[in-house]
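Q: Following this line is final.cif, made up of mmCIF, C-alpha atoms and all ligand atoms:
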data_query
loop_
_atom_site.group_PDB
_atom_site.id
_atom_site.type_symbol
_atom_site.label_atom_id
_atom_site.label_comp_id
_atom_site.auth_asym_id
_atom_site.auth_seq_id
_atom_site.Cartn_x
_atom_site.Cartn_y
_atom_site.Cartn_z
ATOM 1 C CA MET E 1 10.152 14.895 8.556
ATOM 2 C CA ILE E 2 7.266 12.705 7.464
ATOM 3 C CA LYS E 3 5.598 11.099 10.467
ATOM 4 C CA LYS E 4 2.100 10.263 9.260
ATOM 5 C CA ALA E 5 0.837 7.718 6.772
ATOM 6 C CA VAL E 6 -2.525 6.908 5.266
ATOM 7 C CA ILE E 7 -3.512 3.399 4.212
ATOM 8 C CA PRO E 8 -6.773 3.237 2.250
ATOM 9 C CA ALA E 9 -8.475 -0.081 2.986
ATOM 10 C CA ALA E 10 -12.072 0.499 2.001
ATOM 11 C CA GLY E 11 -12.273 -1.132 -1.435
ATOM 12 C CA TYR E 12 -14.688 -3.956 -2.232
ATOM 13 C CA GLY E 13 -12.090 -6.547 -3.217
ATOM 14 C CA THR E 14 -14.126 -7.689 -6.206
ATOM 15 C CA ARG E 15 -11.127 -9.472 -7.719
ATOM 16 C CA PHE E 16 -11.208 -11.897 -4.798
ATOM 17 C CA LEU E 17 -14.920 -12.612 -4.580
ATOM 18 C CA PRO E 18 -16.523 -14.633 -3.094
ATOM 19 C CA ILE E 19 -14.104 -14.792 -0.110
ATOM 20 C CA THR E 20 -14.215 -10.988 0.196
ATOM 21 C CA LYS E 21 -17.951 -11.223 0.947
ATOM 22 C CA ALA E 22 -16.963 -12.103 4.487
ATOM 23 C CA LEU E 23 -13.230 -11.359 4.719
ATOM 24 C CA PRO E 24 -11.813 -7.914 3.916
ATOM 25 C CA LYS E 25 -9.268 -8.346 1.135
ATOM 26 C CA GLU E 26 -6.645 -6.647 3.322
ATOM 27 C CA LEU E 27 -6.839 -9.647 5.668
ATOM 28 C CA LEU E 28 -6.080 -12.235 2.989
ATOM 29 C CA PRO E 29 -3.164 -14.068 4.568
ATOM 30 C CA ILE E 30 0.361 -14.485 3.350
ATOM 31 C CA ILE E 31 0.562 -17.783 5.257
ATOM 32 C CA ASP E 32 -0.096 -16.523 8.798
ATOM 33 C CA ARG E 33 -0.159 -12.753 8.605
ATOM 34 C CA PRO E 34 -2.567 -10.561 6.625
ATOM 35 C CA THR E 35 -1.249 -8.527 3.713
ATOM 36 C CA ILE E 36 -2.129 -5.256 5.445
ATOM 37 C CA GLU E 37 0.222 -6.032 8.317
ATOM 38 C CA TYR E 38 3.139 -5.999 5.868
ATOM 39 C CA ILE E 39 2.057 -2.552 4.670
ATOM 40 C CA VAL E 40 1.728 -1.274 8.252
ATOM 41 C CA ASP E 41 5.158 -2.746 9.070
ATOM 42 C CA GLU E 42 6.723 -1.050 6.056
ATOM 43 C CA ALA E 43 5.484 2.292 7.395
ATOM 44 C CA ILE E 44 6.688 1.554 10.943
ATOM 45 C CA LYS E 45 10.129 0.430 9.715
ATOM 46 C CA SER E 46 10.335 3.701 7.784
ATOM 47 C CA GLY E 47 9.890 5.766 10.932
ATOM 48 C CA ILE E 48 6.203 6.607 10.551
ATOM 49 C CA THR E 49 4.652 7.089 14.004
ATOM 50 C CA ASP E 50 0.967 7.591 13.175
ATOM 51 C CA ILE E 51 -0.955 5.546 10.649
ATOM 52 C CA LEU E 52 -4.517 6.191 9.574
ATOM 53 C CA LEU E 53 -6.380 3.251 8.086
ATOM 54 C CA ILE E 54 -9.361 4.249 6.017
ATOM 55 C CA VAL E 55 -11.897 1.467 6.267
ATOM 56 C CA SER E 56 -15.510 0.881 5.264
ATOM 57 C CA SER E 57 -18.479 -0.504 7.118
ATOM 58 C CA ASN E 58 -17.772 -4.204 6.614
ATOM 59 C CA LYS E 59 -14.131 -4.053 7.645
ATOM 60 C CA ASN E 60 -14.298 -4.251 11.414
ATOM 61 C CA ALA E 61 -12.172 -7.394 11.334
ATOM 62 C CA ILE E 62 -9.224 -5.176 10.333
ATOM 63 C CA ILE E 63 -9.682 -3.046 13.450
ATOM 64 C CA ASP E 64 -9.955 -6.207 15.572
ATOM 65 C CA TYR E 65 -6.778 -7.621 14.061
ATOM 66 C CA PHE E 66 -4.732 -4.634 15.208
ATOM 67 C CA ASP E 67 -6.366 -4.458 18.644
ATOM 68 C CA TYR E 68 -5.347 -6.371 21.756
ATOM 69 C CA ASN E 69 -7.392 -9.515 22.318
ATOM 70 C CA ILE E 70 -7.357 -9.758 26.100
ATOM 71 C CA GLU E 71 -9.310 -13.016 26.250
ATOM 72 C CA LEU E 72 -6.945 -14.803 23.864
ATOM 73 C CA GLU E 73 -3.872 -13.302 25.541
ATOM 74 C CA THR E 74 -5.052 -14.416 28.988
ATOM 75 C CA ILE E 75 -5.589 -17.958 27.734
ATOM 76 C CA LEU E 76 -2.176 -18.050 26.055
ATOM 77 C CA LEU E 77 -0.476 -16.862 29.243
ATOM 78 C CA SER E 78 -2.393 -19.312 31.414
ATOM 79 C CA LYS E 79 -1.134 -22.115 29.139
ATOM 80 C CA ASN E 80 2.444 -20.807 29.308
ATOM 81 C CA LYS E 81 2.401 -20.055 25.597
ATOM 82 C CA GLU E 82 4.736 -17.087 25.965
ATOM 83 C CA GLU E 83 5.912 -17.104 22.357
ATOM 84 C CA GLU E 84 2.391 -17.041 20.934
ATOM 85 C CA TYR E 85 1.443 -14.346 23.441
ATOM 86 C CA ARG E 86 4.333 -12.138 22.252
ATOM 87 C CA MET E 87 3.418 -12.823 18.632
ATOM 88 C CA VAL E 88 -0.114 -11.507 18.979
ATOM 89 C CA ARG E 89 0.815 -8.736 21.389
ATOM 90 C CA ASP E 90 3.557 -7.326 19.135
ATOM 91 C CA ILE E 91 1.410 -6.783 16.050
ATOM 92 C CA ALA E 92 2.006 -3.252 14.712
ATOM 93 C CA ARG E 93 4.045 -2.332 17.786
ATOM 94 C CA GLY E 94 5.845 0.967 17.357
ATOM 95 C CA ALA E 95 3.156 3.172 15.853
ATOM 96 C CA ASN E 96 -0.226 4.580 16.775
ATOM 97 C CA LEU E 97 -2.969 3.196 14.585
ATOM 98 C CA HIS E 98 -6.012 5.316 13.849
ATOM 99 C CA PHE E 99 -9.139 4.371 11.961
ATOM 100 C CA ILE E 100 -11.760 6.281 10.074
ATOM 101 C CA ARG E 101 -14.686 5.081 8.024
ATOM 102 C CA GLN E 102 -15.223 6.143 4.451
ATOM 103 C CA LYS E 103 -19.016 6.195 4.350
ATOM 104 C CA GLU E 104 -19.303 5.726 0.600
ATOM 105 C CA GLN E 105 -16.746 4.258 -1.763
ATOM 106 C CA LEU E 106 -16.343 7.061 -4.263
ATOM 107 C CA GLY E 107 -12.765 6.290 -5.245
ATOM 108 C CA LEU E 108 -9.162 6.492 -4.045
ATOM 109 C CA GLY E 109 -9.101 10.299 -4.145
ATOM 110 C CA HIS E 110 -12.186 10.436 -1.956
ATOM 111 C CA ALA E 111 -10.637 7.905 0.452
ATOM 112 C CA VAL E 112 -7.472 9.992 0.863
ATOM 113 C CA LEU E 113 -9.596 13.112 1.389
ATOM 114 C CA GLN E 114 -10.988 11.465 4.551
ATOM 115 C CA ALA E 115 -7.503 11.883 6.062
ATOM 116 C CA GLU E 116 -7.494 15.679 5.890
ATOM 117 C CA ALA E 117 -8.197 16.385 9.577
ATOM 118 C CA PHE E 118 -5.734 13.697 10.672
ATOM 119 C CA ILE E 119 -2.938 15.011 8.448
ATOM 120 C CA GLY E 120 -3.376 18.732 9.040
ATOM 121 C CA ASN E 121 -0.728 20.822 7.334
ATOM 122 C CA GLU E 122 2.186 18.436 6.864
ATOM 123 C CA PRO E 123 3.498 16.202 4.101
ATOM 124 C CA PHE E 124 2.435 12.566 4.452
ATOM 125 C CA ALA E 125 2.800 9.097 2.980
ATOM 126 C CA VAL E 126 0.119 7.016 1.266
ATOM 127 C CA LEU E 127 0.507 3.242 0.981
ATOM 128 C CA LEU E 128 -2.001 1.209 -1.004
ATOM 129 C CA GLY E 129 -2.830 -2.172 0.447
ATOM 130 C CA ASP E 130 -2.725 -4.113 -2.814
ATOM 131 C CA ASP E 131 0.917 -3.265 -3.382
ATOM 132 C CA MET E 132 3.408 -5.164 -1.257
ATOM 133 C CA TYR E 133 7.100 -4.355 -1.512
ATOM 134 C CA VAL E 134 9.887 -6.624 -0.338
ATOM 135 C CA THR E 135 13.512 -5.596 -0.159
ATOM 136 C CA GLN E 136 16.654 -6.215 1.867
ATOM 137 C CA LYS E 137 17.408 -2.505 1.471
ATOM 138 C CA GLU E 138 15.383 0.353 2.894
ATOM 139 C CA PRO E 139 11.595 -0.082 2.748
ATOM 140 C CA ALA E 140 9.879 1.294 -0.354
ATOM 141 C CA ILE E 141 8.240 4.250 1.366
ATOM 142 C CA LYS E 142 11.467 5.050 3.254
ATOM 143 C CA GLN E 143 13.303 5.296 -0.082
ATOM 144 C CA MET E 144 10.722 7.886 -1.111
ATOM 145 C CA MET E 145 10.929 9.700 2.227
ATOM 146 C CA ASN E 146 14.684 10.024 1.632
ATOM 147 C CA ALA E 147 14.002 11.467 -1.818
ATOM 148 C CA PHE E 148 11.548 13.928 -0.255
ATOM 149 C CA GLU E 149 14.423 15.338 1.821
ATOM 150 C CA LYS E 150 15.820 16.571 -1.508
ATOM 151 C CA THR E 151 12.644 17.613 -3.314
ATOM 152 C CA ASN E 152 10.392 18.931 -0.565
ATOM 153 C CA ALA E 153 7.632 18.194 -3.058
ATOM 154 C CA SER E 154 5.180 15.386 -3.756
ATOM 155 C CA ILE E 155 6.597 12.120 -5.076
ATOM 156 C CA LEU E 156 4.862 9.207 -6.804
ATOM 157 C CA GLY E 157 6.487 5.814 -6.321
ATOM 158 C CA THR E 158 6.920 4.272 -9.760
ATOM 159 C CA MET E 159 8.061 1.195 -11.658
ATOM 160 C CA GLU E 160 8.438 0.274 -15.309
ATOM 161 C CA VAL E 161 5.631 -1.863 -16.714
ATOM 162 C CA SER E 162 5.080 -3.240 -20.211
ATOM 163 C CA TYR E 163 2.940 -1.122 -22.552
ATOM 164 C CA GLU E 164 0.284 -3.864 -22.452
ATOM 165 C CA ASP E 165 -0.092 -3.274 -18.709
ATOM 166 C CA THR E 166 -0.233 0.526 -18.717
ATOM 167 C CA TYR E 167 -4.059 0.531 -18.709
ATOM 168 C CA LYS E 168 -3.968 -0.795 -15.121
ATOM 169 C CA TYR E 169 -2.032 2.122 -13.616
ATOM 170 C CA GLY E 170 -1.542 5.829 -13.217
ATOM 171 C CA ILE E 171 1.085 6.614 -15.883
ATOM 172 C CA CYS E 172 3.691 9.378 -15.494
ATOM 173 C CA THR E 173 5.391 11.598 -18.038
ATOM 174 C CA PRO E 174 8.716 13.160 -16.963
ATOM 175 C CA LYS E 175 9.421 16.786 -17.777
ATOM 176 C CA THR E 176 12.726 15.990 -19.432
ATOM 177 C CA GLU E 177 14.427 12.744 -20.334
ATOM 178 C CA LYS E 178 14.819 10.595 -17.220
ATOM 179 C CA LYS E 179 18.235 10.357 -15.599
ATOM 180 C CA GLY E 180 18.339 8.204 -12.488
ATOM 181 C CA SER E 181 15.452 7.234 -10.271
ATOM 182 C CA LEU E 182 14.070 10.688 -9.451
ATOM 183 C CA ALA E 183 12.323 12.716 -12.167
ATOM 184 C CA GLU E 184 10.220 15.840 -12.196
ATOM 185 C CA LEU E 185 6.889 15.210 -13.901
ATOM 186 C CA LYS E 186 4.861 17.225 -16.357
ATOM 187 C CA ASP E 187 1.880 14.908 -16.609
ATOM 188 C CA VAL E 188 0.138 11.957 -15.045
ATOM 189 C CA VAL E 189 -2.893 10.104 -16.376
ATOM 190 C CA GLU E 190 -5.067 7.457 -14.726
ATOM 191 C CA LYS E 191 -5.254 4.156 -16.585
ATOM 192 C CA PRO E 192 -4.815 5.376 -20.175
ATOM 193 C CA ASP E 193 -5.794 3.217 -23.135
ATOM 194 C CA ILE E 194 -2.725 1.268 -24.271
ATOM 195 C CA GLU E 195 -2.575 3.082 -27.645
ATOM 196 C CA VAL E 196 -2.182 6.467 -25.980
ATOM 197 C CA ALA E 197 -0.088 5.531 -22.921
ATOM 198 C CA PRO E 198 2.528 8.300 -22.697
ATOM 199 C CA SER E 199 5.200 6.112 -21.080
ATOM 200 C CA ARG E 200 5.750 2.859 -19.164
ATOM 201 C CA SER E 201 6.378 4.622 -15.848
ATOM 202 C CA ALA E 202 3.531 3.396 -13.615
ATOM 203 C CA ILE E 203 2.477 4.432 -10.122
ATOM 204 C CA GLY E 204 2.964 1.429 -7.863
ATOM 205 C CA GLY E 205 0.818 2.311 -4.879
ATOM 206 C CA ARG E 206 3.171 4.543 -2.892
ATOM 207 C CA TYR E 207 2.955 8.336 -2.597
ATOM 208 C CA ILE E 208 4.469 11.184 -0.639
ATOM 209 C CA LEU E 209 2.044 14.092 -0.834
ATOM 210 C CA THR E 210 2.078 17.660 0.381
ATOM 211 C CA PRO E 211 -1.105 18.790 2.165
ATOM 212 C CA THR E 212 -1.919 21.038 -0.819
ATOM 213 C CA ILE E 213 -3.433 17.903 -2.356
ATOM 214 C CA PHE E 214 -6.521 18.273 -0.143
ATOM 215 C CA LYS E 215 -7.497 21.506 -1.863
ATOM 216 C CA TYR E 216 -7.661 19.631 -5.153
ATOM 217 C CA LEU E 217 -9.262 16.486 -3.753
ATOM 218 C CA LYS E 218 -12.122 18.562 -2.362
ATOM 219 C CA SER E 219 -13.059 19.897 -5.766
ATOM 220 C CA GLN E 220 -12.108 16.805 -7.768
ATOM 221 C CA GLN E 221 -14.720 15.659 -10.280
ATOM 222 C CA ARG E 222 -15.222 11.991 -11.010
ATOM 223 C CA GLY E 223 -12.861 10.521 -13.611
ATOM 224 C CA LYS E 224 -11.921 7.029 -14.812
ATOM 225 C CA GLY E 225 -14.441 4.410 -13.687
ATOM 226 C CA ASN E 226 -16.732 7.226 -12.524
ATOM 227 C CA GLU E 227 -14.556 7.488 -9.395
ATOM 228 C CA ILE E 228 -12.851 10.419 -7.694
ATOM 229 C CA GLN E 229 -9.273 9.651 -8.694
ATOM 230 C CA LEU E 230 -6.198 10.601 -6.689
ATOM 231 C CA THR E 231 -4.219 10.726 -9.938
ATOM 232 C CA ASP E 232 -6.510 13.456 -11.353
ATOM 233 C CA ALA E 233 -6.030 15.617 -8.252
ATOM 234 C CA ILE E 234 -2.247 15.118 -8.462
ATOM 235 C CA LEU E 235 -2.314 16.329 -12.075
ATOM 236 C CA ARG E 236 -3.994 19.549 -10.930
ATOM 237 C CA LEU E 237 -1.538 19.849 -8.005
ATOM 238 C CA MET E 238 1.258 19.766 -10.607
ATOM 239 C CA LYS E 239 0.160 23.163 -11.925
ATOM 240 C CA GLU E 240 0.852 24.687 -8.509
ATOM 241 C CA GLU E 241 3.758 22.654 -7.103
ATOM 242 C CA LYS E 242 6.435 20.387 -8.475
ATOM 243 C CA VAL E 243 5.624 16.679 -8.469
ATOM 244 C CA TYR E 244 8.245 13.965 -8.951
ATOM 245 C CA SER E 245 8.356 10.263 -9.692
ATOM 246 C CA TYR E 246 10.756 7.960 -7.911
ATOM 247 C CA ASP E 247 11.568 4.459 -9.154
ATOM 248 C CA ILE E 248 11.262 2.208 -6.122
ATOM 249 C CA ASP E 249 14.062 -0.320 -5.749
ATOM 250 C CA ALA E 250 12.223 -3.370 -4.390
ATOM 251 C CA LYS E 251 10.263 -6.417 -5.506
ATOM 252 C CA ARG E 252 6.575 -5.578 -5.823
ATOM 253 C CA TYR E 253 3.660 -7.956 -5.510
ATOM 254 C CA ASP E 254 0.207 -6.863 -6.634
ATOM 255 C CA VAL E 255 -1.597 -8.959 -4.042
ATOM 256 C CA GLY E 256 -4.928 -7.967 -5.588
ATOM 257 C CA ASN E 257 -3.863 -10.182 -8.492
ATOM 258 C CA LYS E 258 -4.237 -13.914 -7.829
ATOM 259 C CA LEU E 259 -0.983 -15.082 -9.430
ATOM 260 C CA ASP E 260 1.044 -12.362 -7.697
ATOM 261 C CA TYR E 261 -0.665 -13.281 -4.444
ATOM 262 C CA ILE E 262 0.276 -16.954 -4.837
ATOM 263 C CA GLU E 263 3.848 -15.959 -5.723
ATOM 264 C CA ALA E 264 4.036 -13.840 -2.567
ATOM 265 C CA ILE E 265 2.925 -16.802 -0.463
ATOM 266 C CA ILE E 266 5.543 -19.063 -2.076
ATOM 267 C CA ASP E 267 8.320 -16.482 -1.707
ATOM 268 C CA PHE E 268 7.466 -15.814 1.928
ATOM 269 C CA GLY E 269 7.253 -19.540 2.601
ATOM 270 C CA LEU E 270 10.712 -20.017 1.096
ATOM 271 C CA GLU E 271 12.022 -17.429 3.575
ATOM 272 C CA LYS E 272 10.566 -19.186 6.614
ATOM 273 C CA GLU E 273 13.007 -21.496 8.410
ATOM 274 C CA ASP E 274 10.312 -23.976 9.434
ATOM 275 C CA LEU E 275 8.733 -24.177 5.981
ATOM 276 C CA LYS E 276 11.376 -23.667 3.342
ATOM 277 C CA GLU E 277 12.720 -27.222 3.015
ATOM 278 C CA GLY E 278 9.283 -28.801 2.937
ATOM 279 C CA LEU E 279 8.014 -26.213 0.492
ATOM 280 C CA LYS E 280 10.980 -26.736 -1.833
ATOM 281 C CA GLU E 281 10.187 -30.461 -1.894
ATOM 282 C CA ILE E 282 6.571 -29.769 -2.817
ATOM 283 C CA LEU E 283 7.583 -27.337 -5.555
ATOM 284 C CA LYS E 284 10.087 -29.799 -7.030
ATOM 285 C CA ARG E 285 7.412 -32.516 -7.116
ATOM 286 C CA LYS E 286 4.948 -30.180 -8.838
ATOM 287 C CA VAL E 287 7.391 -29.041 -11.499
ATOM 288 C CA LYS E 288 8.264 -32.627 -12.491
HETATM 289 C C1 LIG B 1 -4.646 2.721 -7.965
HETATM 290 C C2 LIG B 1 -4.306 4.074 -8.577
HETATM 291 C C3 LIG B 1 -3.379 3.908 -9.772
HETATM 292 C C4 LIG B 1 -2.141 3.143 -9.335
HETATM 293 C C5 LIG B 1 -2.548 1.796 -8.702
HETATM 294 C C6 LIG B 1 -1.338 1.062 -8.125
HETATM 295 O O1 LIG B 1 -5.435 2.003 -8.869
HETATM 296 O O2 LIG B 1 -5.511 4.733 -8.961
HETATM 297 O O3 LIG B 1 -3.006 5.159 -10.292
HETATM 298 O O4 LIG B 1 -1.279 2.932 -10.435
HETATM 299 O O5 LIG B 1 -3.476 1.997 -7.631
HETATM 300 O O6 LIG B 1 -1.697 -0.177 -7.624
HETATM 301 P P1 LIG B 1 -6.226 0.651 -8.441
HETATM 302 O O7 LIG B 1 -5.261 -0.474 -8.632
HETATM 303 O O8 LIG B 1 -6.626 0.802 -7.013
HETATM 304 O O9 LIG B 1 -7.385 0.566 -9.365
#
Can you present the structure in this file as structure tokens?
Ligand code: G1P

A:
Amino acid sequence: MIKKAVIPAAGYGTRFLPITKALPKELLPIIDRPTIEYIVDEAIKSGITDILLIVSSNKNAIIDYFDYNIELETILLSKNKEEEYRMVRDIARGANLHFIRQKEQLGLGHAVLQAEAFIGNEPFAVLLGDDMYVTQKEPAIKQMMNAFEKTNASILGTMEVSYEDTYKYGICTPKTEKKGSLAELKDVVEKPDIEVAPSRSAIGGRYILTPTIFKYLKSQQRGKGNEIQLTDAILRLMKEEKVYSYDIDAKRYDVGNKLDYIEAIIDFGLEKEDLKEGLKEILKRKVK
């Protein structure tokens, strides 16, 4: 049973400068809730009980967001604003949140390595904050946790991208021709040049990893972008244990990408009872 999850949230957010000078990118709002809350909720809805957020020095606002705010709550109660009180009090209810600081940003692999003591010797989930999944079915990471029941081995959550986009992702090569959503892998490469991309099967920011990964992360040399890459450590793990890909069945938003981020806001707005009619009117006017 997978009970622990790691959410790396220590990146600089350069794609969203200048706002990320002062606001951690994980707190960029989808209307009234920050993107990271959706990631935390996905883990909670999947049955994860303990979540470790890996933050960096200028990200204290993330810790504050998930903490109680007694002053605000007292004011809300004194003004009989019960609904608002519940809303702020219920954030991330259902799991224990833990925080650790990554002292230097040496890459995703290095960030995940910070979780070693927290994870101990059990399989765990990793959810990247830039990747938001929306589905009426089971949450993305839960789909992978179900697959883990069968494989008992590490699984990379994947999706098909166009060849032109392969340079943005970790790209997987299945061992044999793919049949269905689960496939054993023989290779994975971080952000290959388009001309040499081995497939269109891209890692979409969700992982189930066995604790063996830490052995490889500890000795992992810098790779693409001069960073310690999780993908490179997974490739070395593959020589010792089986590693699978699993095609996630959900809509994905790369909220680190401005157009995807705007689309997420529109889609979420269209789901909100109090906003959807007004928003539809605005959209109709704009399209004309
Ligand atoms: C990271 C991973 C990459 C993965 C991607 C998914 O890259 O290194 O393998 O495909 O997340 O979003 P990043 O986008 O953080 O550069």

Q: With all atoms of range 243-247 of chain E from the file as input, state the centre and edge lengths in Å to one decimal of the axis-aligned box that has 6 Å extra on each side, as AutoDock Vina command-line options.

A:
--center_x 8.6 --center_y 10.6 --center_z -8.8 --size_x 17.9 --size_y 24.2 --size_z 13.8

Q: For the interface of chain E with ligand LIG 1 (chain B) (cut-off 8 Å, counting all atoms listed in the file), please tabulate each contacting residue of chain E alongside its nearest pair of atoms and their separation in Å to one decimal, rows sorted by chain and increasing number, as JSON lines.

A:
{"residue": "E:Leu108", "atom": "CA", "partner": "B:LIG1", "partner_atom": "O2", "distance": 6.4}
{"residue": "E:Leu128", "atom": "CA", "partner": "B:LIG1", "partner_atom": "O6", "distance": 6.8}
{"residue": "E:Asp130", "atom": "CA", "partner": "B:LIG1", "partner_atom": "O6", "distance": 6.3}
{"residue": "E:Asp131", "atom": "CA", "partner": "B:LIG1", "partner_atom": "O6", "distance": 5.9}
{"residue": "E:Lys168", "atom": "CA", "partner": "B:LIG1", "partner_atom": "O4", "distance": 6.6}
{"residue": "E:Tyr169", "atom": "CA", "partner": "B:LIG1", "partner_atom": "O4", "distance": 3.4}
{"residue": "E:Gly170", "atom": "CA", "partner": "B:LIG1", "partner_atom": "O3", "distance": 3.3}
{"residue": "E:Ile171", "atom": "CA", "partner": "B:LIG1", "partner_atom": "O4", "distance": 7.0}
{"residue": "E:Val189", "atom": "CA", "partner": "B:LIG1", "partner_atom": "O3", "distance": 7.8}
{"residue": "E:Glu190", "atom": "CA", "partner": "B:LIG1", "partner_atom": "O3", "distance": 5.4}
{"residue": "E:Lys191", "atom": "CA", "partner": "B:LIG1", "partner_atom": "O3", "distance": 6.8}
{"residue": "E:Ala202", "atom": "CA", "partner": "B:LIG1", "partner_atom": "O4", "distance": 5.8}
{"residue": "E:Ile203", "atom": "CA", "partner": "B:LIG1", "partner_atom": "O4", "distance": 4.1}
{"residue": "E:Gly204", "atom": "CA", "partner": "B:LIG1", "partner_atom": "C6", "distance": 4.3}
{"residue": "E:Gly205", "atom": "CA", "partner": "B:LIG1", "partner_atom": "C6", "distance": 4.1}
{"residue": "E:Arg206", "atom": "CA", "partner": "B:LIG1", "partner_atom": "C6", "distance": 7.7}
{"residue": "E:Gln229", "atom": "CA", "partner": "B:LIG1", "partner_atom": "O2", "distance": 6.2}
{"residue": "E:Leu230", "atom": "CA", "partner": "B:LIG1", "partner_atom": "O2", "distance": 6.3}
{"residue": "E:Thr231", "atom": "CA", "partner": "B:LIG1", "partner_atom": "O3", "distance": 5.7}
{"residue": "E:Asp254", "atom": "CA", "partner": "B:LIG1", "partner_atom": "O6", "distance": 7.0}

Q: Tell me which of E:Ala61, E:Leu28, E:Ala183, E:Val40 sits closest to Asn257 in chain E, counting all atoms listed in the file.

A: E:Leu28

Q: Hey, what comes out of the PyMOL selection byres (((chain E and resi 260-262) around 12) and not hetatm) on this file? Could you write it as a ChimeraX atom specification?

A: /E:15-16,25-26,28-31,34-35,130-133,251-259,263-269

Q: In Å, rounded to a single decimal, give me how far CA of Thr14 in chain E is from CA of Arg33 in chain E.

A: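 So the answer is 21.0 Å.
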
Q: Quick one: pull the distance between CA of Asn60 in chain E and CA of Ile7 in chain E, Å, one decimal.

A: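 Distance between the two atoms: 15.1 Å.
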
Q: Taking all heavy atoms as the atom set, what does range 270-275 of chain E look like once completed, written as an mmCIF file, keeping the file's coordinate frame?

A:
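Writing the result to out_10.cif gives the following:
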data_model
loop_
_atom_site.group_PDB
_atom_site.id
_atom_site.type_symbol
_atom_site.label_atom_id
_atom_site.label_comp_id
_atom_site.auth_asym_id
_atom_site.auth_seq_id
_atom_site.Cartn_x
_atom_site.Cartn_y
_atom_site.Cartn_z
ATOM 1 N N LEU E 270 9.319 -19.627 1.328
ATOM 2 C CA LEU E 270 10.712 -20.017 1.096
ATOM 3 C C LEU E 270 11.676 -19.262 2.005
ATOM 4 O O LEU E 270 12.831 -19.624 2.139
ATOM 5 C CB LEU E 270 11.084 -19.791 -0.379
ATOM 6 C CG LEU E 270 10.413 -20.749 -1.376
ATOM 7 C CD1 LEU E 270 10.687 -20.325 -2.812
ATOM 8 C CD2 LEU E 270 10.870 -22.196 -1.155
ATOM 9 N N GLU E 271 11.190 -18.192 2.628
ATOM 10 C CA GLU E 271 12.022 -17.429 3.575
ATOM 11 C C GLU E 271 11.870 -17.943 5.005
ATOM 12 O O GLU E 271 12.643 -17.585 5.881
ATOM 13 C CB GLU E 271 11.621 -15.945 3.547
ATOM 14 C CG GLU E 271 12.009 -15.209 2.266
ATOM 15 C CD GLU E 271 13.520 -15.118 2.087
ATOM 16 O OE1 GLU E 271 14.218 -14.869 3.081
ATOM 17 O OE2 GLU E 271 13.986 -15.341 0.943
ATOM 18 N N LYS E 272 10.838 -18.748 5.233
ATOM 19 C CA LYS E 272 10.566 -19.186 6.614
ATOM 20 C C LYS E 272 11.361 -20.444 6.934
ATOM 21 O O LYS E 272 11.210 -21.469 6.255
ATOM 22 C CB LYS E 272 9.067 -19.460 6.804
ATOM 23 C CG LYS E 272 8.250 -18.199 7.021
ATOM 24 C CD LYS E 272 6.807 -18.592 7.345
ATOM 25 C CE LYS E 272 5.921 -17.397 7.535
ATOM 26 N NZ LYS E 272 5.914 -16.839 8.867
ATOM 27 N N GLU E 273 12.148 -20.372 8.015
ATOM 28 C CA GLU E 273 13.007 -21.496 8.410
ATOM 29 C C GLU E 273 12.227 -22.802 8.531
ATOM 30 O O GLU E 273 12.674 -23.841 8.065
ATOM 31 C CB GLU E 273 13.689 -21.184 9.749
ATOM 32 C CG GLU E 273 14.908 -20.279 9.623
ATOM 33 C CD GLU E 273 15.904 -20.738 8.565
ATOM 34 O OE1 GLU E 273 16.172 -21.959 8.475
ATOM 35 O OE2 GLU E 273 16.406 -19.872 7.802
ATOM 36 N N ASP E 274 11.044 -22.738 9.158
ATOM 37 C CA ASP E 274 10.312 -23.976 9.434
ATOM 38 C C ASP E 274 9.562 -24.504 8.212
ATOM 39 O O ASP E 274 9.035 -25.613 8.249
ATOM 40 C CB ASP E 274 9.344 -23.761 10.606
ATOM 41 C CG ASP E 274 8.386 -22.600 10.347
ATOM 42 O OD1 ASP E 274 8.733 -21.699 9.558
ATOM 43 O OD2 ASP E 274 7.278 -22.609 10.911
ATOM 44 N N LEU E 275 9.506 -23.745 7.144
ATOM 45 C CA LEU E 275 8.733 -24.177 5.981
ATOM 46 C C LEU E 275 9.570 -24.414 4.736
ATOM 47 O O LEU E 275 9.163 -25.156 3.840
ATOM 48 C CB LEU E 275 7.669 -23.115 5.642
ATOM 49 C CG LEU E 275 6.559 -22.861 6.652
ATOM 50 C CD1 LEU E 275 5.635 -21.760 6.137
ATOM 51 C CD2 LEU E 275 5.737 -24.121 6.894
#
